[in-house]
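S.K.: Structure file model17.txt (compact mmCIF, C-alpha atoms and all ligand atoms) is given on the next line.
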```txt
# COMPACT_ATOMS: atom_id res chain seq x y z
CA MET A 410 -57.42 -19.76 -23.77
CA ILE A 411 -59.70 -19.03 -20.84
CA ASP A 412 -59.19 -21.50 -18.02
CA GLU A 413 -59.18 -21.70 -14.23
CA ARG A 414 -56.21 -19.34 -13.95
CA PHE A 415 -58.61 -16.49 -14.64
CA LEU A 416 -61.10 -17.44 -11.95
CA SER A 417 -61.14 -16.18 -8.40
CA LYS A 418 -59.97 -18.89 -6.02
CA LYS A 419 -62.55 -17.79 -3.48
CA VAL A 420 -65.42 -18.11 -5.93
CA GLN A 421 -64.19 -21.48 -7.16
CA GLN A 422 -64.42 -22.75 -3.59
CA VAL A 423 -68.17 -22.03 -3.56
CA LYS A 424 -70.47 -24.84 -4.71
CA PRO A 425 -73.51 -24.02 -6.90
CA SER A 426 -76.82 -24.14 -5.03
CA GLY A 427 -78.14 -27.67 -4.52
CA ILE A 428 -81.67 -26.37 -4.93
CA ARG A 429 -81.08 -25.07 -8.44
CA LYS A 430 -79.51 -28.34 -9.51
CA PHE A 431 -82.72 -30.17 -8.62
CA PHE A 432 -84.94 -27.70 -10.37
CA ASP A 433 -82.96 -27.98 -13.55
CA LEU A 434 -83.64 -31.74 -13.44
CA ALA A 435 -87.34 -31.21 -12.70
CA SER A 436 -87.74 -28.68 -15.50
CA GLU A 437 -86.83 -31.36 -18.05
CA LEU A 438 -89.89 -33.46 -17.10
CA GLU A 439 -93.57 -32.86 -17.78
CA ASP A 440 -96.40 -32.95 -15.23
CA VAL A 441 -94.06 -32.42 -12.29
CA ILE A 442 -95.57 -31.39 -8.96
CA SER A 443 -93.08 -29.29 -7.14
CA LEU A 444 -92.94 -28.95 -3.39
CA GLY A 445 -89.55 -27.46 -3.75
CA VAL A 446 -89.70 -23.74 -4.14
CA GLY A 447 -89.34 -21.46 -1.14
CA GLU A 448 -91.69 -18.73 -2.19
CA PRO A 449 -95.31 -17.87 -1.41
CA ASP A 450 -97.89 -19.07 -3.94
CA PHE A 451 -99.97 -15.94 -3.28
CA ASN A 452 -99.92 -12.93 -5.55
CA THR A 453 -98.66 -9.75 -3.91
CA PRO A 454 -101.80 -8.15 -2.41
CA TRP A 455 -103.41 -5.87 -4.99
CA HIS A 456 -103.22 -2.64 -2.97
CA ILE A 457 -99.42 -3.02 -2.82
CA ARG A 458 -99.21 -3.55 -6.58
CA GLU A 459 -101.51 -0.59 -7.13
CA ALA A 460 -99.40 1.71 -4.95
CA ALA A 461 -96.29 0.76 -6.91
CA ILE A 462 -98.06 1.30 -10.24
CA TYR A 463 -99.32 4.66 -9.01
CA SER A 464 -95.81 5.71 -8.00
CA ILE A 465 -94.64 5.00 -11.55
CA GLU A 466 -97.61 6.91 -12.99
CA GLN A 467 -96.62 9.83 -10.82
CA GLY A 468 -93.13 9.75 -12.27
CA LYS A 469 -91.45 8.56 -9.10
CA THR A 470 -88.88 6.74 -11.15
CA PHE A 471 -85.64 8.12 -9.76
CA TYR A 472 -83.03 6.78 -7.36
CA THR A 473 -84.06 7.17 -3.74
CA ALA A 474 -81.74 8.03 -0.85
CA ASN A 475 -79.07 5.33 -0.59
CA GLN A 476 -80.54 4.00 2.63
CA GLY A 477 -84.02 3.93 1.09
CA LEU A 478 -86.96 6.34 1.24
CA LEU A 479 -87.10 7.89 4.70
CA GLU A 480 -90.87 7.33 4.63
CA LEU A 481 -90.27 3.61 4.19
CA ARG A 482 -87.57 3.47 6.87
CA LYS A 483 -90.01 5.15 9.25
CA GLU A 484 -92.69 2.58 8.41
CA ILE A 485 -90.21 -0.27 8.91
CA CYS A 486 -89.25 1.07 12.34
CA SER A 487 -92.82 1.62 13.42
CA TYR A 488 -93.72 -1.91 12.22
CA LEU A 489 -90.79 -3.47 14.13
CA LYS A 490 -91.81 -1.58 17.26
CA ARG A 491 -95.48 -2.51 16.94
CA ARG A 492 -94.99 -6.16 16.06
CA PHE A 493 -91.81 -7.18 17.84
CA SER A 494 -91.07 -4.43 20.41
CA LEU A 495 -87.83 -3.52 18.63
CA ALA A 496 -86.75 0.12 18.65
CA TYR A 497 -84.69 1.44 15.73
CA ASP A 498 -83.97 4.96 14.51
CA PRO A 499 -85.07 5.36 10.86
CA THR A 500 -82.39 7.95 10.13
CA LYS A 501 -79.38 6.00 11.39
CA ASP A 502 -80.14 2.33 12.00
CA VAL A 503 -81.72 1.07 8.75
CA ILE A 504 -80.72 0.32 5.17
CA VAL A 505 -83.37 -0.76 2.66
CA THR A 506 -81.75 -3.48 0.57
CA VAL A 507 -82.32 -5.58 -2.54
CA GLY A 508 -83.94 -8.43 -0.64
CA GLY A 509 -82.68 -10.06 2.52
CA SER A 510 -80.04 -11.46 0.16
CA GLU A 511 -78.25 -8.14 -0.24
CA ALA A 512 -78.58 -7.51 3.48
CA ILE A 513 -76.72 -10.77 4.19
CA ASP A 514 -74.03 -9.90 1.67
CA ILE A 515 -73.31 -6.34 2.87
CA THR A 516 -73.35 -7.45 6.50
CA MET A 517 -70.71 -10.06 5.81
CA ARG A 518 -68.55 -7.87 3.67
CA ALA A 519 -68.67 -4.88 5.98
CA LEU A 520 -68.02 -6.74 9.21
CA ILE A 521 -66.08 -9.93 8.57
CA ASP A 522 -62.37 -10.15 7.74
CA PRO A 523 -60.29 -12.99 6.28
CA GLY A 524 -59.34 -15.38 9.06
CA ASP A 525 -62.34 -14.56 11.25
CA GLU A 526 -64.59 -17.43 12.23
CA VAL A 527 -68.33 -17.20 11.78
CA ILE A 528 -70.61 -19.77 13.39
CA VAL A 529 -73.11 -21.09 10.87
CA LEU A 530 -75.96 -23.45 11.68
CA SER A 531 -76.56 -26.56 9.63
CA PRO A 532 -78.97 -27.43 8.09
CA GLY A 533 -79.26 -23.79 7.10
CA TYR A 534 -80.18 -21.48 4.27
CA VAL A 535 -78.04 -22.12 1.18
CA ALA A 536 -76.49 -18.64 0.97
CA TYR A 537 -74.93 -18.55 4.44
CA GLU A 538 -71.83 -20.69 4.03
CA PRO A 539 -70.86 -19.12 0.67
CA SER A 540 -71.40 -15.62 2.06
CA VAL A 541 -68.88 -16.38 4.81
CA THR A 542 -66.41 -18.12 2.48
CA LEU A 543 -66.49 -15.20 0.06
CA THR A 544 -65.17 -12.85 2.75
CA GLY A 545 -62.19 -15.15 3.28
CA ALA A 546 -63.49 -16.05 6.74
CA VAL A 547 -64.00 -19.58 8.02
CA PRO A 548 -67.53 -20.94 8.56
CA ILE A 549 -67.68 -23.02 11.74
CA ILE A 550 -70.55 -25.41 11.28
CA VAL A 551 -72.80 -26.31 14.19
CA GLU A 552 -75.04 -29.27 13.39
CA LEU A 553 -78.56 -28.88 14.74
CA ASN A 554 -80.63 -31.95 15.33
CA GLU A 555 -84.19 -33.09 15.33
CA GLU A 556 -84.07 -34.24 18.97
CA ASN A 557 -83.62 -30.57 19.94
CA GLN A 558 -86.24 -29.45 17.41
CA PHE A 559 -83.40 -27.94 15.36
CA LYS A 560 -82.72 -25.28 18.00
CA LEU A 561 -79.26 -24.01 18.95
CA THR A 562 -78.37 -25.05 22.49
CA PRO A 563 -76.01 -23.11 24.80
CA GLU A 564 -73.67 -26.13 24.90
CA GLN A 565 -73.44 -26.23 21.11
CA LEU A 566 -72.72 -22.52 20.98
CA LYS A 567 -70.03 -22.68 23.66
CA GLN A 568 -68.30 -25.55 21.90
CA ALA A 569 -68.13 -23.70 18.60
CA ILE A 570 -66.53 -20.54 20.00
CA SER A 571 -62.78 -19.96 19.65
CA ASP A 572 -60.68 -16.84 20.07
CA LYS A 573 -61.19 -16.19 16.35
CA THR A 574 -64.99 -16.18 16.50
CA LYS A 575 -66.39 -12.90 15.27
CA ALA A 576 -70.04 -13.63 14.68
CA LEU A 577 -72.91 -16.05 15.04
CA LEU A 578 -75.25 -16.30 12.06
CA ILE A 579 -78.76 -17.49 12.90
CA ASN A 580 -82.10 -17.83 11.17
CA PHE A 581 -85.25 -18.54 13.18
CA PRO A 582 -87.88 -19.44 12.04
CA SER A 583 -85.55 -21.55 9.97
CA ASN A 584 -85.29 -22.42 6.34
CA PRO A 585 -85.16 -25.44 5.90
CA THR A 586 -86.25 -26.96 9.22
CA GLY A 587 -89.05 -24.64 10.36
CA GLY A 588 -87.33 -24.61 13.77
CA VAL A 589 -88.01 -21.67 16.08
CA MET A 590 -86.17 -20.26 19.10
CA THR A 591 -88.37 -18.87 21.85
CA HIS A 592 -87.51 -15.97 24.15
CA GLU A 593 -86.61 -18.53 26.84
CA ASP A 594 -84.32 -20.41 24.43
CA TYR A 595 -82.51 -17.19 23.54
CA GLU A 596 -82.23 -16.16 27.17
CA LYS A 597 -79.75 -19.02 27.67
CA LEU A 598 -77.55 -17.85 24.79
CA VAL A 599 -77.35 -14.18 25.79
CA PRO A 600 -74.70 -14.49 28.55
CA ILE A 601 -72.47 -16.54 26.23
CA ILE A 602 -72.80 -13.99 23.41
CA LYS A 603 -72.05 -11.21 25.88
CA GLU A 604 -69.09 -12.96 27.47
CA HIS A 605 -67.43 -13.62 24.11
CA ASP A 606 -68.36 -10.24 22.62
CA LEU A 607 -69.90 -11.86 19.53
CA LEU A 608 -71.81 -10.17 16.77
CA VAL A 609 -75.11 -11.87 15.97
CA ILE A 610 -76.34 -11.79 12.40
CA SER A 611 -80.00 -12.68 12.72
CA ASP A 612 -81.97 -13.41 9.57
CA GLU A 613 -85.61 -13.05 10.63
CA ILE A 614 -87.20 -13.07 7.22
CA TYR A 615 -89.82 -15.61 8.41
CA ALA A 616 -90.67 -13.70 11.60
CA GLU A 617 -94.29 -13.20 10.52
CA LEU A 618 -94.65 -16.93 9.90
CA SER A 619 -94.54 -18.17 13.49
CA TYR A 620 -97.52 -20.35 14.31
CA ASP A 621 -97.33 -21.56 17.87
CA VAL A 622 -95.26 -19.04 19.81
CA GLU A 623 -94.65 -15.29 19.56
CA HIS A 624 -91.66 -14.48 17.40
CA SER A 625 -88.65 -13.50 19.49
CA SER A 626 -85.36 -11.90 18.49
CA LEU A 627 -81.96 -11.66 20.16
CA ALA A 628 -82.33 -7.93 19.47
CA ASN A 629 -85.05 -7.97 22.15
CA PHE A 630 -82.30 -8.37 24.76
CA GLU A 631 -81.09 -4.88 25.64
CA GLU A 632 -77.74 -6.14 26.98
CA ILE A 633 -76.67 -7.38 23.52
CA LYS A 634 -78.92 -5.37 21.18
CA ASP A 635 -76.03 -3.27 19.82
CA HIS A 636 -74.31 -6.54 18.81
CA VAL A 637 -77.29 -7.82 16.80
CA ILE A 638 -77.71 -7.19 13.09
CA LEU A 639 -81.35 -7.80 12.19
CA ILE A 640 -82.07 -8.86 8.62
CA SER A 641 -85.54 -9.12 7.18
CA GLY A 642 -87.57 -8.37 4.08
CA PHE A 643 -90.83 -8.36 2.20
CA SER A 644 -90.44 -11.53 0.12
CA LYS A 645 -92.08 -14.04 2.43
CA ALA A 646 -94.57 -12.24 4.68
CA PHE A 647 -95.89 -9.90 1.98
CA ALA A 648 -95.53 -12.36 -0.94
CA MET A 649 -93.13 -9.99 -2.70
CA THR A 650 -90.24 -12.22 -3.82
CA GLY A 651 -89.88 -10.66 -7.27
CA TRP A 652 -89.85 -7.11 -5.97
CA ARG A 653 -86.45 -7.63 -4.39
CA LEU A 654 -86.87 -5.69 -1.19
CA GLY A 655 -85.44 -6.25 2.26
CA TYR A 656 -83.74 -4.35 5.06
CA VAL A 657 -81.07 -4.50 7.69
CA CYS A 658 -81.24 -2.80 11.08
CA ALA A 659 -78.25 -2.40 13.36
CA ASP A 660 -76.16 -0.06 15.45
CA PRO A 661 -75.25 3.04 13.39
CA VAL A 662 -71.52 2.27 13.72
CA LEU A 663 -72.14 -0.94 11.74
CA ILE A 664 -74.76 0.53 9.40
CA LYS A 665 -72.34 3.26 8.31
CA GLN A 666 -69.89 0.66 7.02
CA MET A 667 -72.55 -1.49 5.37
CA ASN A 668 -73.97 1.56 3.67
CA LYS A 669 -70.65 2.21 1.94
CA ILE A 670 -70.87 -1.14 0.15
CA HIS A 671 -74.57 -0.66 -0.53
CA GLN A 672 -73.89 2.80 -2.06
CA TYR A 673 -71.28 1.48 -4.44
CA ILE A 674 -72.90 -1.78 -5.55
CA ILE A 675 -76.63 -0.95 -5.46
CA MET A 676 -77.13 2.81 -5.09
CA SER A 677 -80.70 2.32 -3.86
CA ALA A 678 -83.28 -0.49 -3.79
CA PRO A 679 -85.96 -0.44 -6.54
CA THR A 680 -88.05 2.71 -6.15
CA ALA A 681 -91.50 1.36 -7.14
CA ALA A 682 -90.96 -1.60 -4.80
CA GLN A 683 -90.27 0.84 -1.96
CA TYR A 684 -93.57 2.63 -2.56
CA GLY A 685 -95.35 -0.73 -2.66
CA ALA A 686 -93.75 -1.70 0.64
CA ILE A 687 -94.85 1.53 2.35
CA GLU A 688 -98.42 0.68 1.40
CA GLY A 689 -97.95 -2.92 2.59
CA LEU A 690 -96.71 -1.86 6.01
CA ARG A 691 -99.44 0.77 6.41
CA HIS A 692 -102.45 -1.19 5.26
CA GLY A 693 -101.41 -4.76 4.51
CA MET A 694 -101.23 -6.47 7.88
CA ASP A 695 -104.61 -8.18 7.42
CA HIS A 696 -103.31 -9.84 4.27
CA VAL A 697 -100.19 -10.94 6.14
CA SER A 698 -102.29 -12.63 8.80
CA GLU A 699 -104.63 -14.23 6.22
CA MET A 700 -101.61 -15.75 4.47
CA ARG A 701 -100.18 -16.87 7.81
CA ASP A 702 -103.48 -18.57 8.69
CA SER A 703 -103.45 -20.35 5.37
CA TYR A 704 -99.86 -21.62 5.85
CA HIS A 705 -100.82 -22.71 9.34
CA THR A 706 -103.68 -24.87 7.99
CA ARG A 707 -101.43 -26.30 5.30
CA ARG A 708 -98.71 -27.05 7.84
CA ASN A 709 -101.05 -29.13 9.96
CA PHE A 710 -102.35 -30.93 6.89
CA ILE A 711 -98.96 -31.76 5.37
CA VAL A 712 -97.31 -32.81 8.66
CA SER A 713 -100.06 -35.32 9.38
CA GLY A 714 -99.96 -36.48 5.74
CA PHE A 715 -96.23 -37.23 5.87
CA ASN A 716 -96.40 -38.89 9.26
CA ARG A 717 -99.26 -41.07 8.00
CA LEU A 718 -96.95 -42.23 5.20
CA GLY A 719 -94.27 -43.19 7.73
CA LEU A 720 -92.00 -40.26 6.84
CA LYS A 721 -91.43 -39.00 10.35
CA THR A 722 -91.87 -35.25 10.41
CA HIS A 723 -91.40 -33.03 13.45
CA MET A 724 -93.91 -30.21 13.80
CA PRO A 725 -92.16 -27.08 12.54
CA GLN A 726 -93.24 -23.96 14.39
CA GLY A 727 -92.49 -21.45 11.68
CA ALA A 728 -91.62 -20.63 8.03
CA PHE A 729 -93.31 -22.77 5.34
CA TYR A 730 -91.19 -25.90 5.22
CA ILE A 731 -91.28 -29.37 6.70
CA PHE A 732 -88.16 -31.47 7.08
CA PRO A 733 -89.22 -35.14 7.01
CA CYS A 734 -86.80 -37.88 7.95
CA ILE A 735 -86.21 -40.52 5.25
CA LYS A 736 -83.46 -42.47 7.01
CA HIS A 737 -85.48 -45.70 7.20
CA THR A 738 -85.50 -45.93 3.39
CA LYS A 739 -81.70 -46.37 3.50
CA MET A 740 -81.48 -43.99 0.56
CA THR A 741 -79.45 -40.82 0.77
CA SER A 742 -81.42 -37.58 0.60
CA GLU A 743 -80.26 -37.05 -2.95
CA GLU A 744 -81.14 -40.62 -4.01
CA PHE A 745 -84.57 -40.30 -2.42
CA CYS A 746 -85.37 -37.01 -4.18
CA GLN A 747 -84.04 -38.26 -7.49
CA ALA A 748 -86.03 -41.52 -7.29
CA LEU A 749 -89.21 -39.69 -6.24
CA LEU A 750 -88.82 -37.29 -9.14
CA GLU A 751 -88.22 -40.08 -11.66
CA ASP A 752 -90.89 -42.42 -10.31
CA GLN A 753 -93.72 -40.01 -9.46
CA LYS A 754 -92.62 -36.61 -10.72
CA VAL A 755 -92.70 -34.94 -7.35
CA ALA A 756 -89.87 -32.48 -6.75
CA CYS A 757 -88.53 -31.96 -3.22
CA VAL A 758 -85.08 -30.75 -2.19
CA PRO A 759 -82.47 -33.08 -0.63
CA GLY A 760 -81.67 -32.05 2.95
CA THR A 761 -77.98 -32.01 2.01
CA ALA A 762 -78.59 -28.92 -0.17
CA PHE A 763 -78.64 -27.15 3.22
CA GLY A 764 -75.44 -28.71 4.56
CA GLU A 765 -74.18 -32.16 5.52
CA ALA A 766 -76.36 -32.18 8.63
CA GLY A 767 -79.35 -32.40 6.28
CA GLU A 768 -78.44 -35.97 5.26
CA GLY A 769 -81.35 -38.31 5.93
CA TYR A 770 -83.93 -35.53 5.46
CA ILE A 771 -85.73 -33.81 2.62
CA ARG A 772 -87.07 -30.27 2.52
CA VAL A 773 -90.67 -29.93 1.47
CA SER A 774 -92.31 -26.54 1.03
CA TYR A 775 -95.98 -26.09 1.86
CA ALA A 776 -96.32 -22.78 0.10
CA TYR A 777 -98.69 -24.69 -2.19
CA SER A 778 -102.46 -25.12 -2.21
CA ILE A 779 -104.04 -27.95 -0.21
CA ASP A 780 -105.16 -29.47 -3.55
CA GLU A 781 -101.58 -29.58 -4.83
CA ILE A 782 -100.36 -30.97 -1.52
CA LYS A 783 -103.04 -33.70 -1.69
CA ILE A 784 -101.95 -34.76 -5.18
CA ALA A 785 -98.30 -34.75 -4.11
CA LEU A 786 -99.09 -36.87 -1.03
CA GLY A 787 -100.94 -39.36 -3.23
CA ARG A 788 -97.93 -39.66 -5.52
CA ILE A 789 -95.49 -39.99 -2.61
CA GLU A 790 -97.68 -42.78 -1.19
CA GLN A 791 -97.50 -44.55 -4.55
CA PHE A 792 -93.71 -44.08 -4.64
CA LEU A 793 -93.32 -45.59 -1.17
CA LYS A 794 -95.53 -48.53 -2.18
CA ASN A 795 -93.53 -49.09 -5.38
CA LYS A 796 -90.32 -49.16 -3.33
CA GLY A 797 -91.80 -51.54 -0.76
CA PHE A 798 -91.91 -49.13 2.19
CA LEU A 799 -95.69 -49.23 2.57
C1 LIG B 1 -83.67 -17.73 5.32
C2 LIG B 1 -83.70 -16.87 4.12
N1 LIG B 1 -83.04 -15.71 4.14
C3 LIG B 1 -83.01 -14.90 3.07
C4 LIG B 1 -83.67 -15.23 1.91
C5 LIG B 1 -83.58 -14.28 0.76
O1 LIG B 1 -84.76 -13.62 0.56
P1 LIG B 1 -84.92 -12.32 -0.33
O2 LIG B 1 -83.59 -11.97 -0.89
O3 LIG B 1 -85.92 -12.67 -1.37
O4 LIG B 1 -85.42 -11.28 0.63
C6 LIG B 1 -84.38 -16.44 1.84
C7 LIG B 1 -85.07 -16.85 0.60
O5 LIG B 1 -85.42 -17.98 0.39
C8 LIG B 1 -84.41 -17.26 2.98
O6 LIG B 1 -85.08 -18.43 2.99
```
Kindly transcribe the structure held in the file into structure tokens.
M.R.:
Amino acid sequence: MIDERFLSKKVQQVKPSGIRKFFDLASELEDVISLGVGEPDFNTPWHIREAAIYSIEQGKTFYTANQGLLELRKEICSYLKRRFSLAYDPTKDVIVTVGGSEAIDITMRALIDPGDEVIVLSPGYVAYEPSVTLTGAVPIIVELNEENQFKLTPEQLKQAISDKTKALLINFPSNPTGGVMTHEDYEKLVPIIKEHDLLVISDEIYAELSYDVEHSSLANFEEIKDHVILISGFSKAFAMTGWRLGYVCADPVLIKQMNKIHQYIIMSAPTAAQYGAIEGLRHGMDHVSEMRDSYHTRRNFIVSGFNRLGLKTHMPQGAFYIFPCIKHTKMTSEEFCQALLEDQKVACVPGTAFGEAGEGYIRVSYAYSIDEIKIALGRIEQFLKNKGFL
């Protein structure tokens, strides 16, 4: 008989994603409005799709170099230089991956050993804690809070460091809070990172979706740049979630190790997607800024809508999520989302899906049209009235 004896202990430790659980519930109901999914509602711009189709027509259907097409790596490096003043060598410092997801996985597996400690921010993206646990390392959770606009403070960082700390894993702009760290915020962390010789794994997949301040990266600080592993991808900024394309940039000493795992488990990222991405980076920046402008408008609309309903919402400066506080309802995040789904068929994600620090909050995506957001706000208003909160 097949039972737990046959399962990996490490994998058993990992909980299934709290987001999926909610969507399984929502999929059983009709007429649900979802503000739950973390993906752009835009189609991939047509010229990107066309370039990928053309590559297939031309018979470019083979594996590429393990690290990705050199042409694409060059475009990625020139884009990072142009947009964020980050200098990387396309021949040595970059691997094109299957989404930011693979980049996170190979970074962890190549650099982290059992017993190491990795500092993980909470609330944070659902994959981080499991990716640490699966290496046999210990995630050290730092709880971010609304009073600090969900930023990481130098005091919090110092407190979390022990002699076992190997790396700090960060994600700004943040999923789920929309929090952003500015250059000045990072400046205060740099001496601590340097003093303790930490690696920084920086997931900057929402870098293009910064609304109020210029995006900044810890890789912009020369004194620690060789300690920073930059992860990004095409899913969010270029509306390319289904293409499964991302990248990781780092010091060649690190990249060499990551590439060994990438070679054996992936071989190379999807070829047509790589041709699409080259086109996106060369000619797609206008579309990126149009989409950013649209999210910006939606952000302002949804934040004022939630605040009007008494669901206190801080103004997120990036990504496409808001993180409203529901503490005054005395419901847990999970109870709130469940009741809202049952009562008004609006699907949001409990804050606790992103770690315990998310209790008392819900994550709402605004990668939806203003019309959909308006309907959802109307239903949420009705829900709050039905429960006696309005
Ligand atoms: C913070 C963050 N990192 C990484 C990913 C993974 O993105 P992908 O694998 O599609 O590039 C996501 C997707 O939601 C995300 O929100």
S.K.: I need the residue nearest Asn668 (chain A) from this list: A:Gln683, A:Gln476, A:Ser540, A:Gln565. Use all atoms listed in the file for the distance.
M.R.: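 Between A:Gln683, A:Gln476, A:Ser540, A:Gln565, the residue approaching Asn668 (chain A) most closely is A:Gln476.
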S.K.: So that I can check the surroundings of Val423 (chain A), please list as an mmCIF file with C-alpha atoms, in the frame of the given file every protein, DNA and RNA residue that reaches within 8 Å of it, counting only C-alpha atoms and ignoring chain neighbours fewer than 6 positions away.
M.R.:
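Writing done, so here's result06.cif:
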```
data_model
loop_
_atom_site.group_PDB
_atom_site.id
_atom_site.type_symbol
_atom_site.label_atom_id
_atom_site.label_comp_id
_atom_site.auth_asym_id
_atom_site.auth_seq_id
_atom_site.Cartn_x
_atom_site.Cartn_y
_atom_site.Cartn_z
ATOM 1 C CA PRO A 539 -70.860 -19.120 0.670
ATOM 2 C CA THR A 542 -66.410 -18.120 2.480
ATOM 3 C CA LEU A 543 -66.490 -15.200 0.060
#
```
S.K.: Using all atoms listed in the file, which protein or nucleic acid residues come within 8 Å of region 443-449 of chain A? Drop anything in the same chain fewer than 2 positions from it, and give the result as an NGL selection string.
M.R.: :A and (441 or 451-452 or 644-645 or 648 or 650 or 729-730 or 755-758 or 772-777 or 782 or 785)
S.K.: Determine, for each residue of chain A having at least one atom at most 9 Å from an atom of ligand LIG 1 (chain B), the closest pair of atoms and their separation in Å to one decimal, counting only C-alpha atoms and all ligand atoms; order by chain and ascending number, as a tab-separated table.
M.R.:
```
residue	atom	partner	partner_atom	distance
A:Val446	CA	B:LIG1	O5	8.5
A:Gly447	CA	B:LIG1	O5	5.5
A:Glu448	CA	B:LIG1	O5	6.8
A:Thr506	CA	B:LIG1	O4	8.6
A:Val507	CA	B:LIG1	O2	6.7
A:Gly508	CA	B:LIG1	O4	3.5
A:Gly509	CA	B:LIG1	O4	3.5
A:Ser510	CA	B:LIG1	O2	3.7
A:Glu511	CA	B:LIG1	O2	6.6
A:Ala512	CA	B:LIG1	O2	8.0
A:Ile513	CA	B:LIG1	C3	7.6
A:Gly533	CA	B:LIG1	C1	7.7
A:Tyr534	CA	B:LIG1	C1	5.2
A:Val535	CA	B:LIG1	O6	8.2
A:Ala536	CA	B:LIG1	C3	7.8
A:Tyr537	CA	B:LIG1	N1	8.6
A:Asn580	CA	B:LIG1	C1	6.1
A:Phe581	CA	B:LIG1	C1	8.1
A:Pro582	CA	B:LIG1	C1	8.1
A:Ser583	CA	B:LIG1	C1	6.3
A:Asn584	CA	B:LIG1	C1	5.1
A:Pro585	CA	B:LIG1	O6	7.6
A:Asp612	CA	B:LIG1	N1	6.0
A:Glu613	CA	B:LIG1	C1	7.3
A:Ile614	CA	B:LIG1	N1	5.8
A:Tyr615	CA	B:LIG1	C1	7.2
A:Ile640	CA	B:LIG1	N1	8.2
A:Ser641	CA	B:LIG1	O4	6.9
A:Gly642	CA	B:LIG1	O4	5.0
A:Phe643	CA	B:LIG1	O4	6.3
A:Ser644	CA	B:LIG1	O3	4.9
A:Lys645	CA	B:LIG1	O3	7.4
A:Met649	CA	B:LIG1	O3	7.8
A:Thr650	CA	B:LIG1	O3	5.0
A:Gly651	CA	B:LIG1	O3	7.4
A:Trp652	CA	B:LIG1	O3	8.2
A:Arg653	CA	B:LIG1	O3	5.9
A:Leu654	CA	B:LIG1	O4	6.1
A:Gly655	CA	B:LIG1	O4	5.3
A:Tyr656	CA	B:LIG1	O4	8.4
A:Ala728	CA	B:LIG1	O6	8.5
```
S.K.: So the first atom is CA of Lys424 (chain A) and the second is CA of Thr586 (chain A); what is the distance between them in Å, to one decimal place?
M.R.: 21.2 Å
S.K.: Near Val662 (chain A), counting all atoms listed in the file, which residues have an atom at most 10 Å away, once you skip same-chain residues fewer than 3 positions from it, shown as a ChimeraX atom specification?
M.R.: /A:501-502,635,659,665-667
S.K.: In Å, how far is it from CA of Asp606 (chain A) to CA of Tyr497 (chain A)?
M.R.: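 So the two atoms, CA of Asp606 (chain A) and CA of Tyr497 (chain A), lie 21.2 Å apart.
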S.K.: Residues at most 6 Å from region 687-699 of chain A, counting only C-alpha atoms, excluding those fewer than 4 positions away in the same chain, as an MDAnalysis selection string?
M.R.: chainID A and resid 457 481 646
S.K.: Take CA of Leu479 (chain A) and CA of Leu608 (chain A) and report the distance between them in Å, one decimal.
M.R.: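 The value is 26.6 Å.
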S.K.: List the spatial neighbours of Asp594 (chain A) as JSON, numbers by chain - criterion: any atom at most 8 Å away, all atoms listed in the file, same-chain residues fewer than 4 positions off excluded.
M.R.: {"A": [562, 590, 598]}
S.K.: So, with only C-alpha atoms as the atoms that count, which of A:Tyr684, A:Phe715, A:Phe493, A:Tyr472 lies closest to Phe630 (chain A)?
M.R.: A:Phe493
S.K.: Which of these, A:Lys796, A:Lys783, A:Arg701, A:Arg491, has the shortest distance to Glu617 (chain A) once you count all atoms listed in the file?
M.R.: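 Among the listed residues, the smallest separation from Glu617 (chain A) belongs to A:Arg701.
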S.K.: Have a look at A:Gly764, A:Gly588, A:Gly787, A:Pro563 and name the one nearest to Ile731 (chain A); count only C-alpha atoms.
M.R.: A:Gly588
S.K.: For Asp498 (chain A), which residue among A:Lys430, A:Gly727, A:Asp660, A:His592 is the nearest when counting all atoms listed in the file?
M.R.: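 Smallest separation from Asp498 (chain A) among the options: A:Asp660.
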S.K.: Select, from A:Gly545, A:Pro725, A:Gly685, A:Pro661, the residue with the minimum atom-to-atom distance to Gln422 (chain A), counting all atoms listed in the file.
M.R.: A:Gly545
